[in-house]
>>> print(open('structure_23.txt').read())   # compact mmCIF, C-alpha atoms
# COMPACT_ATOMS: atom_id res chain seq x y z
CA MET A 16 168.72 68.80 24.68
CA ALA A 17 169.48 65.15 24.77
CA GLY A 18 169.56 64.36 21.07
CA ARG A 19 171.76 67.22 20.10
CA ALA A 20 175.45 66.50 19.91
CA GLN A 21 177.94 69.09 20.85
CA ILE A 22 179.69 70.42 17.82
CA LYS A 23 183.36 71.12 18.01
CA THR A 24 184.30 74.28 16.24
CA SER A 25 188.04 74.46 16.18
CA SER A 26 189.31 70.99 15.43
CA SER A 27 189.52 69.54 11.99
CA ALA A 28 187.75 66.36 11.13
CA LEU A 29 187.92 63.62 8.54
CA ILE A 30 185.62 62.39 5.85
CA ALA A 31 185.01 58.66 6.01
CA MET A 32 183.96 56.48 3.10
CA ILE A 33 182.23 53.18 2.58
CA ALA A 34 182.13 52.61 -1.14
CA ASP A 35 183.30 50.53 -4.06
CA GLU A 36 186.92 50.49 -5.10
CA ASP A 37 186.69 53.06 -7.88
CA THR A 38 184.89 55.67 -5.82
CA VAL A 39 187.26 55.21 -2.92
CA THR A 40 190.24 55.49 -5.28
CA GLY A 41 188.90 58.74 -6.65
CA PHE A 42 188.39 60.28 -3.26
CA LEU A 43 191.74 59.03 -2.03
CA MET A 44 193.31 60.74 -4.98
CA ALA A 45 191.67 63.96 -3.82
CA GLY A 46 193.42 63.44 -0.50
CA VAL A 47 190.70 62.32 1.88
CA GLY A 48 192.31 59.11 3.03
CA ASN A 49 193.85 58.78 6.43
CA VAL A 50 195.67 55.96 8.15
CA ASP A 51 196.31 56.36 11.81
CA LEU A 52 199.03 54.89 13.98
CA ARG A 53 197.20 51.64 14.48
CA ARG A 54 196.84 51.20 10.73
CA LYS A 55 193.17 52.00 10.90
CA THR A 56 191.79 53.53 7.78
CA ASN A 57 188.92 55.96 7.46
CA TYR A 58 187.54 54.16 4.44
CA LEU A 59 186.20 50.73 3.61
CA ILE A 60 186.37 49.26 0.14
CA VAL A 61 183.33 47.19 -0.58
CA ASP A 62 183.66 44.49 -3.22
CA SER A 63 181.85 41.26 -3.92
CA LYS A 64 183.71 39.52 -1.09
CA THR A 65 182.88 42.02 1.62
CA THR A 66 180.33 40.70 4.09
CA VAL A 67 177.40 42.69 5.38
CA LYS A 68 178.80 42.17 8.86
CA ALA A 69 182.02 43.94 7.92
CA ILE A 70 180.06 46.86 6.48
CA GLU A 71 177.93 47.07 9.60
CA ASP A 72 181.00 47.08 11.80
CA ALA A 73 182.66 49.77 9.72
CA PHE A 74 179.53 51.88 9.76
CA LYS A 75 179.21 51.58 13.52
CA GLU A 76 182.87 52.38 14.00
CA PHE A 77 182.74 55.45 11.77
CA THR A 78 179.62 56.79 13.42
CA THR A 79 181.16 56.50 16.87
CA ARG A 80 184.58 57.90 16.02
CA GLU A 81 184.95 61.47 17.13
CA ASP A 82 187.28 62.68 14.42
CA ILE A 83 184.86 61.95 11.61
CA ALA A 84 182.41 64.62 10.51
CA ILE A 85 181.01 63.22 7.31
CA ILE A 86 180.47 59.65 6.15
CA LEU A 87 180.11 59.04 2.45
CA ILE A 88 178.40 55.78 1.69
CA SER A 89 177.55 54.34 -1.69
CA GLN A 90 173.89 53.92 -2.09
CA TYR A 91 173.97 50.25 -2.92
CA VAL A 92 176.07 49.70 0.19
CA ALA A 93 173.62 51.76 2.20
CA ASN A 94 170.85 49.55 0.90
CA MET A 95 172.61 46.52 2.36
CA ILE A 96 172.55 48.05 5.83
CA ARG A 97 169.41 50.11 5.30
CA PHE A 98 168.06 49.43 8.79
CA LEU A 99 171.20 50.85 10.36
CA VAL A 100 171.26 53.92 8.15
CA ASP A 101 167.59 54.62 8.75
CA SER A 102 167.83 54.23 12.49
CA TYR A 103 170.78 56.59 12.64
CA ASN A 104 169.65 60.17 13.06
CA ASN A 105 172.35 62.12 14.82
CA PRO A 106 173.43 65.31 13.12
CA ILE A 107 177.13 64.57 13.53
CA PRO A 108 178.63 62.72 11.71
CA ALA A 109 176.44 63.38 8.72
CA ILE A 110 175.66 60.41 6.51
CA LEU A 111 175.67 61.11 2.80
CA GLU A 112 174.51 58.57 0.30
CA ILE A 113 176.39 58.95 -2.93
CA PRO A 114 175.83 57.34 -6.28
CA SER A 115 178.37 54.79 -7.47
CA LYS A 116 179.51 54.03 -10.95
CA ASP A 117 177.83 50.70 -11.52
CA HIS A 118 174.67 51.46 -9.59
CA PRO A 119 172.38 54.26 -10.73
CA TYR A 120 171.33 56.70 -8.07
CA ASP A 121 167.79 56.33 -6.85
CA PRO A 122 166.61 59.32 -4.79
CA ALA A 123 163.69 57.30 -3.45
CA HIS A 124 166.01 55.12 -1.37
CA ASP A 125 167.91 57.93 0.31
CA SER A 126 166.73 58.11 3.91
CA VAL A 127 167.22 61.83 4.29
CA LEU A 128 166.09 62.77 0.84
CA SER A 129 162.87 60.80 1.16
CA ARG A 130 162.16 62.67 4.37
CA VAL A 131 163.02 65.94 2.70
CA LYS A 132 160.78 65.13 -0.24
CA TYR A 133 157.95 64.17 2.07
CA LEU A 134 158.23 67.37 4.09
CA PHE A 135 158.77 69.40 0.98
CA SER A 136 155.68 68.15 -0.78
CA THR A 137 153.47 68.56 2.29
CA GLU A 138 154.84 72.01 2.92
CA SER A 139 154.46 73.15 -0.64
CA VAL A 140 150.95 71.73 -0.77
CA ALA A 141 150.17 73.54 2.47
CA SER A 142 151.60 76.83 1.36
CA GLY A 143 150.36 76.42 -2.19
CA ARG A 144 153.55 77.21 -4.03
CA TYR A 145 156.49 75.59 -5.79
CA MET B 16 135.25 68.59 34.07
CA SER B 17 138.70 69.45 32.93
CA GLY B 18 138.23 73.14 33.52
CA GLN B 19 137.82 72.78 37.26
CA SER B 20 140.51 70.20 37.84
CA GLN B 21 143.00 72.15 35.78
CA ARG B 22 143.91 74.83 38.18
CA LEU B 23 146.72 75.41 40.61
CA ASN B 24 146.16 74.67 44.24
CA VAL B 25 146.34 78.11 45.78
CA VAL B 26 144.75 80.12 48.55
CA PRO B 27 142.25 82.57 47.06
CA THR B 28 143.63 85.90 48.16
CA VAL B 29 144.16 89.23 46.47
CA THR B 30 147.94 88.77 46.66
CA MET B 31 147.69 85.40 44.96
CA LEU B 32 145.47 86.94 42.29
CA GLY B 33 148.18 89.52 41.58
CA ALA B 34 150.85 86.82 41.41
CA MET B 35 148.73 84.67 39.09
CA LYS B 36 148.06 87.63 36.83
CA ALA B 37 151.79 88.35 36.65
CA ARG B 38 152.44 84.72 35.75
CA LEU B 39 149.79 84.79 33.08
CA VAL B 40 151.39 87.87 31.55
CA GLY B 41 154.74 86.10 31.61
CA ALA B 42 153.31 82.99 30.00
CA THR B 43 151.64 85.04 27.28
CA ARG B 44 154.84 86.85 26.47
CA GLY B 45 156.82 83.62 26.46
CA HIS B 46 154.28 82.06 24.17
CA ALA B 47 154.52 84.95 21.73
CA LEU B 48 158.32 84.83 21.73
CA LEU B 49 158.45 81.08 21.21
CA LYS B 50 155.96 81.36 18.41
CA LYS B 51 158.20 83.90 16.72
CA LYS B 52 161.18 81.64 17.17
CA SER B 53 159.31 78.74 15.69
CA ASP B 54 158.34 80.87 12.70
CA ALA B 55 161.92 82.00 12.16
CA LEU B 56 163.14 78.42 12.32
CA THR B 57 160.49 77.26 9.89
CA VAL B 58 161.52 79.91 7.38
CA GLN B 59 165.11 78.74 7.64
CA PHE B 60 164.00 75.14 7.44
CA ARG B 61 162.19 75.70 4.16
CA GLN B 62 165.18 77.40 2.64
CA ILE B 63 167.38 74.48 3.64
CA LEU B 64 164.88 72.01 2.22
CA LYS B 65 164.97 73.71 -1.14
CA LYS B 66 168.75 73.83 -1.14
CA ILE B 67 169.03 70.17 -0.18
CA VAL B 68 166.82 69.09 -3.05
CA SER B 69 168.73 71.11 -5.62
CA THR B 70 172.15 70.11 -4.27
CA LYS B 71 171.25 66.43 -4.18
CA GLU B 72 170.27 66.62 -7.77
CA SER B 73 173.45 68.39 -8.79
CA MET B 74 175.46 65.85 -6.82
CA GLY B 75 174.50 63.14 -9.30
CA ASP B 76 176.01 65.07 -12.20
CA ILE B 77 179.18 65.87 -10.35
CA MET B 78 179.72 62.28 -9.29
CA LYS B 79 179.21 61.22 -12.89
CA THR B 80 181.84 63.69 -14.08
CA SER B 81 184.33 62.57 -11.47
CA SER B 82 183.76 58.89 -12.23
CA PHE B 83 184.34 59.65 -15.84
CA ALA B 84 187.55 61.48 -15.02
CA LEU B 85 188.71 58.47 -13.02
CA THR B 86 187.95 56.15 -15.90
CA GLU B 87 189.94 58.39 -18.17
CA ALA B 88 192.87 58.40 -15.82
CA LYS B 89 192.70 54.64 -15.48
CA TYR B 90 192.61 54.21 -19.23
CA VAL B 91 195.64 56.42 -19.76
CA ALA B 92 197.71 55.58 -16.72
CA GLY B 93 196.87 51.92 -16.59
CA GLU B 94 194.67 49.84 -14.32
CA ASN B 95 197.32 49.56 -11.61
CA ILE B 96 197.03 53.24 -10.72
CA LYS B 97 194.50 52.41 -8.06
CA HIS B 98 196.96 50.16 -6.31
CA ILE B 99 199.46 53.00 -6.23
CA VAL B 100 196.82 55.30 -4.83
CA LEU B 101 195.65 52.79 -2.25
CA GLU B 102 199.18 52.12 -1.11
CA ASN B 103 200.09 55.75 -0.79
CA VAL B 104 197.49 56.69 1.77
CA GLN B 105 199.06 58.31 4.80
CA ASN B 106 197.52 61.36 6.35
CA ALA B 107 194.50 63.14 5.10
CA SER B 108 195.42 66.32 3.32
CA LEU B 109 191.82 67.25 2.78
CA LYS B 110 189.88 67.69 5.95
CA VAL B 111 186.73 69.37 7.12
CA ARG B 112 186.36 71.95 9.78
CA SER B 113 183.06 72.92 11.28
CA ARG B 114 181.90 76.21 12.59
CA GLN B 115 178.61 77.16 14.11
CA GLU B 116 175.94 79.38 12.81
CA ASN B 117 173.35 80.75 15.15
CA ILE B 118 169.78 80.91 13.94
CA ALA B 119 167.25 82.07 16.51
CA GLY B 120 169.24 80.51 19.31
CA VAL B 121 169.77 77.20 17.51
CA LYS B 122 173.35 76.36 16.70
CA LEU B 123 173.71 74.92 13.25
CA PRO B 124 176.96 73.32 12.15
CA LYS B 125 178.49 74.47 8.92
CA PHE B 126 181.23 72.35 7.40
CA GLU B 127 183.94 73.66 5.19
CA TYR B 128 186.77 71.67 3.70
CA PHE B 129 190.36 72.75 3.58
CA THR B 130 193.57 71.24 2.28
CA GLU B 131 196.14 70.93 4.97
CA ALA B 132 199.37 69.63 3.55
CA GLU B 133 200.54 69.64 -0.05
CA THR B 134 198.77 67.12 -2.17
CA LYS B 135 200.25 63.68 -2.06
CA ASN B 136 200.64 61.10 -4.80
CA ASP B 137 202.78 63.53 -6.64
CA LEU B 138 204.54 60.74 -8.40
CA THR B 139 201.36 59.02 -9.40
CA GLY B 140 201.09 58.90 -13.15
CA LEU B 141 204.58 60.17 -13.60
CA ALA B 142 205.19 57.70 -16.36
CA ARG B 143 202.04 58.42 -18.28
CA GLY B 144 198.66 60.02 -17.83
CA GLY B 145 199.79 62.65 -15.34
CA GLN B 146 197.41 65.22 -16.73
CA GLN B 147 194.45 62.90 -16.51
CA VAL B 148 195.35 62.07 -12.95
CA GLN B 149 195.45 65.75 -12.07
CA GLN B 150 192.11 66.28 -13.76
CA CYS B 151 190.67 63.34 -11.93
CA ARG B 152 191.91 64.72 -8.65
CA ALA B 153 190.42 68.13 -9.42
CA ALA B 154 187.09 66.50 -10.29
CA TYR B 155 187.02 64.61 -7.02
CA VAL B 156 187.94 67.70 -5.03
CA LYS B 157 185.01 69.43 -6.68
CA ALA B 158 182.79 66.51 -5.73
CA ILE B 159 184.01 66.79 -2.15
CA GLU B 160 183.12 70.46 -2.20
CA VAL B 161 179.54 69.70 -3.14
CA LEU B 162 179.32 66.79 -0.75
CA VAL B 163 180.59 68.85 2.14
CA GLU B 164 178.03 71.51 1.41
CA LEU B 165 175.37 68.87 1.23
CA ALA B 166 176.53 67.40 4.51
CA SER B 167 176.25 70.72 6.29
CA LEU B 168 172.80 71.25 4.80
CA GLN B 169 171.76 67.81 5.90
CA THR B 170 173.09 68.32 9.41
CA SER B 171 171.32 71.66 9.62
CA PHE B 172 168.18 69.94 8.41
CA LEU B 173 168.28 67.35 11.17
CA THR B 174 169.18 69.86 13.87
CA LEU B 175 166.52 72.31 12.78
CA ASP B 176 163.94 69.56 12.57
CA GLU B 177 164.67 68.64 16.16
CA ALA B 178 164.69 72.28 17.29
CA ILE B 179 161.39 73.03 15.57
CA LYS B 180 159.80 70.03 17.19
CA THR B 181 160.97 71.10 20.63
CA THR B 182 159.87 74.68 20.13
CA ASN B 183 156.47 73.65 18.88
CA ARG B 184 156.07 71.35 21.82
CA ARG B 185 156.82 74.24 24.14
CA VAL B 186 154.47 76.56 22.31
CA ASN B 187 151.68 74.01 22.53
CA ALA B 188 152.38 73.30 26.18
CA LEU B 189 152.16 76.98 27.03
CA GLU B 190 149.08 77.50 24.92
CA ASN B 191 147.12 74.41 25.94
CA VAL B 192 148.27 73.63 29.45
CA VAL B 193 149.93 76.49 31.27
CA LYS B 194 147.78 79.35 30.10
CA PRO B 195 144.37 77.68 30.64
CA ARG B 196 145.50 76.52 34.05
CA LEU B 197 146.50 80.03 35.05
CA GLU B 198 143.29 81.45 33.63
CA ASN B 199 141.27 78.89 35.55
CA THR B 200 143.12 79.76 38.73
CA ILE B 201 142.48 83.45 38.20
CA ASN B 202 138.80 82.80 37.58
CA TYR B 203 138.62 80.63 40.64
CA ILE B 204 140.25 83.28 42.82
CA LYS B 205 137.99 85.98 41.41
CA GLY B 206 134.94 83.83 42.08
CA GLU B 207 136.00 83.16 45.63
CA LEU B 208 136.71 86.83 46.25
CA ASP B 209 133.30 87.81 44.83
CA GLU B 210 131.66 85.28 47.03
CA LEU B 211 133.39 86.74 50.08
CA GLU B 212 132.35 90.23 49.07
CA ARG B 213 128.73 89.22 48.62
CA GLU B 214 128.74 87.58 52.03
CA ASP B 215 130.17 90.72 53.57
CA PHE B 216 127.65 92.89 51.80
CA PHE B 217 124.78 90.76 52.94
CA ARG B 218 125.97 90.88 56.51
CA LEU B 219 126.28 94.65 56.41
CA LYS B 220 122.80 94.96 54.94
CA LYS B 221 121.42 92.73 57.60
CA ILE B 222 123.02 94.76 60.36
CA GLN B 223 121.86 97.95 58.77
CA GLY B 224 118.27 96.71 58.62
CA TYR B 225 118.42 95.64 62.23
CA LYS B 226 119.75 99.03 63.29
CA LYS B 227 117.07 100.82 61.30
CA ARG B 228 114.29 98.88 62.89
CA GLU B 229 115.72 99.54 66.30
CA MET B 230 115.99 103.22 65.50
CA GLU B 231 112.40 103.39 64.35
CA LYS B 232 111.24 101.72 67.47
CA GLN B 233 113.09 104.21 69.60
CA LEU B 234 111.87 107.08 67.53
CA ALA B 235 108.31 105.98 67.94
CA ALA B 236 108.78 105.62 71.67
CA SER B 237 110.29 109.05 72.06
CA LYS B 238 107.54 110.59 69.93
CA GLN B 239 104.94 109.02 72.13
CA PHE B 240 106.74 110.27 75.14
CA ALA B 241 106.97 113.83 73.74
CA GLU B 242 103.27 113.87 72.88
CA ASP B 243 102.37 112.74 76.29
CA GLN B 244 104.51 115.38 77.84
CA LEU B 245 103.03 118.11 75.66
CA ALA B 246 99.56 117.09 76.58
CA GLU B 247 100.40 117.22 80.24
CA LYS B 248 101.91 120.67 79.91
CA VAL B 249 98.85 122.06 78.17
CA SER B 250 96.57 120.63 80.71
CA LEU B 251 98.61 122.15 83.52
CA GLN B 252 98.40 125.58 81.93
CA LYS B 253 94.66 125.39 81.59
CA GLY B 254 94.36 124.18 85.08
CA VAL B 255 92.75 121.07 84.12
CA SER B 256 94.13 117.89 83.31
CA PHE B 257 92.80 116.25 80.28
CA ASN B 258 92.25 113.26 82.24
CA THR B 259 90.33 115.02 85.00
CA ALA B 260 88.42 117.11 82.49
CA HIS B 261 87.49 114.16 80.75
CA ASN B 262 86.44 112.64 84.00
CA LEU B 263 84.47 115.77 84.87
CA LEU B 264 82.57 115.64 81.69
CA SER B 265 81.93 112.05 81.98
CA ALA B 266 81.05 112.57 85.63
CA GLY B 267 78.70 115.47 84.67
CA ALA B 268 76.84 113.16 82.53
CA GLN B 269 76.02 111.32 85.65
CA LYS B 270 74.06 112.73 88.45
CA ASP B 271 76.14 114.93 90.76
CA GLU B 272 74.92 115.86 94.16
CA ASP B 273 76.83 119.17 94.30
CA ILE B 274 75.52 120.64 91.13
CA ILE B 275 72.43 122.56 91.98
CA PHE B 276 71.21 123.59 88.63
>>> encode(input="structure_23.txt", output="structure tokens")
Amino acid sequence: MAGRAQIKTSSSALIAMIADEDTVTGFLMAGVGNVDLRRKTNYLIVDSKTTVKAIEDAFKEFTTREDIAIILISQYVANMIRFLVDSYNNPIPAILEIPSKDHPYDPAHDSVLSRVKYLFSTESVASGRY
Amino acid sequence: MSGQSQRLNVVPTVTMLGAMKARLVGATRGHALLKKKSDALTVQFRQILKKIVSTKESMGDIMKTSSFALTEAKYVAGENIKHIVLENVQNASLKVRSRQENIAGVKLPKFEYFTEAETKNDLTGLARGGQQVQQCRAAYVKAIEVLVELASLQTSFLTLDEAIKTTNRRVNALENVVKPRLENTINYIKGELDELEREDFFRLKKIQGYKKREMEKQLAASKQFAEDQLAEKVSLQKGVSFNTAHNLLSAGAQKDEDIIF
């Protein structure tokens, strides 16, 4: 099928991040960070000076890189590039919206979760349980 | 009329009828199998939906705990700890690996994380707050664990969604296009064959009737002939012919010179 990406089974992959400084620091401490030979990082720290353009570019780069399996993105950052996140629907890499410290998590904004909720409610109404 | 136009362009023969029937059987079986597959996928899909909702909700708590642990570490070890961490990034020690799970012929990716090398930043917080840093790291590893699980659920969700759509499309195509078309073709061939048979039957009947009439005619002729012959024979035996006797009588009615009395 055209939309389905081939999934590599053997190789290991990275987790990319687009988030605020604190969240990135935390995950880096856990050992997710990676810097390759060309000094390219697999994370982007978003602060008040980061432009939307930079976030867009990072998002596009992470989604096209082959060694990235999961992209963690802070929800308030995802809201800045909502159109990109919503239009992206490949299974790999998976986009995960995570809450950040200064911005409360709103499940209504999450592109996948809203779809899940929608399907879930229709399905449970249809089947008459839950 | 969609029923008439929706049939295959075939020659109406008995062989074709057999072939069409075989195809219809195949289509029916395929339809049943695909329907089963779609059902199996839907069951899986619902399970994943439930899991996604519960995991997303638990993710919030875990992220809160890990943020809190980071704040603690920052408080104890000083604000500059993040610079140390950011500077020390080299190679990822925590990576994900994906393997496939097969559900009714659909390959679903399943991520699992693993730590490759020994954990870095060993000297971070050496001066003070080492314990908090370790706790913070543990909290974030835990968060990664949940996030990785969530990611595989989410990927499965998208893949399954796509697969269910495709399967349903196929089921509907078989049910609403292929099967009616085959049925129409079979009906058409049957109709044509019946028509041929009726024509044949009519022709046979016609010939039969013609033969019968001919036979009757002949029979009547031969009967007439036999009767005539019989009559002649009898008259020969009696020495008179019916015809002459008849003539005699009729002649006797008239005046005959030779008859004296």
>>> atom_distance(input="structure_23.txt", atom1="atom CA of Arg54 of chain A", atom2="atom CA of Asn103 of chain B")
12.8 Å
>>> closest_residue(input="structure_23.txt", among="A:Ser129, A:Asn57, A:Asn49, A:Ser63", to="chain B", atoms="all atoms listed in the file")
A:Asn49
>>> closest_residue(input="structure_23.txt", among="A:Val92, A:Met44, A:Ile70, A:Val61", to="chain B", atoms="all atoms listed in the file")
A:Met44
>>> atom_distance(input="structure_23.txt", atom1="atom CA of Tyr58 of chain A", atom2="atom CA of Ile86 of chain A")
9.1 Å
>>> closest_residue(input="structure_23.txt", among="A:Ala45, A:Asp35, A:Asp51, A:Glu76", to="Lys64 of chain A", atoms="all atoms listed in the file")
A:Asp35
>>> atom_distance(input="structure_23.txt", atom1="atom CA of Thr86 of chain B", atom2="atom CA of Glu131 of chain B")
26.9 Å
>>> closest_atom_pairs(input="structure_23.txt", of="chain A", to="chain B", cutoff="7 Å", atoms="only C-alpha atoms", output="CSV")
residue,atom,partner,partner_atom,distance
A:Ile22,CA,B:Pro124,CA,6.9
A:Lys23,CA,B:Ser113,CA,7.0
A:Thr24,CA,B:Arg114,CA,4.8
A:Ser26,CA,B:Arg112,CA,6.4
A:Ser27,CA,B:Arg112,CA,4.5
A:Ala28,CA,B:Val111,CA,5.1
A:Leu29,CA,B:Lys110,CA,5.2
A:Ile30,CA,B:Lys110,CA,6.8
A:Thr40,CA,B:Lys97,CA,5.9
A:Gly41,CA,B:Tyr155,CA,6.2
A:Phe42,CA,B:Tyr155,CA,5.9
A:Leu43,CA,B:Val100,CA,6.9
A:Met44,CA,B:Arg152,CA,5.6
A:Ala45,CA,B:Arg152,CA,4.9
A:Gly46,CA,B:Ser108,CA,5.2
A:Val47,CA,B:Ala107,CA,5.0
A:Gly48,CA,B:Ala107,CA,5.0
A:Asn49,CA,B:Asn106,CA,4.5
A:Val50,CA,B:Gln105,CA,5.3
A:Ile85,CA,B:Ala166,CA,6.7
A:Pro106,CA,B:Thr170,CA,4.8
A:Ile107,CA,B:Thr170,CA,6.9
A:Ala109,CA,B:Ala166,CA,5.8
A:Leu111,CA,B:Ala166,CA,6.6
A:Pro114,CA,B:Gly75,CA,6.7
A:Lys116,CA,B:Ser82,CA,6.6
A:Val131,CA,B:Leu64,CA,6.4
A:Phe135,CA,B:Leu64,CA,6.8
>>> residues_around(input="structure_23.txt", residues="Asp176 of chain B", least_positions_apart="6", cutoff="9 Å", atoms="all atoms listed in the file", output="VMD selection string")
chain B and resid 56 to 57 60
>>> residues_around(input="structure_23.txt", residues="Asp62 of chain A", least_positions_apart="6", cutoff="12 Å", atoms="all atoms listed in the file", output="list of chain:residue names")
A:Ile33, A:Ala34, A:Asp35, A:Glu36, A:Asp37, A:Thr38, A:Val39, A:Ala69, A:Ile70, A:Ser89, A:Tyr91, A:Val92, A:Asp117
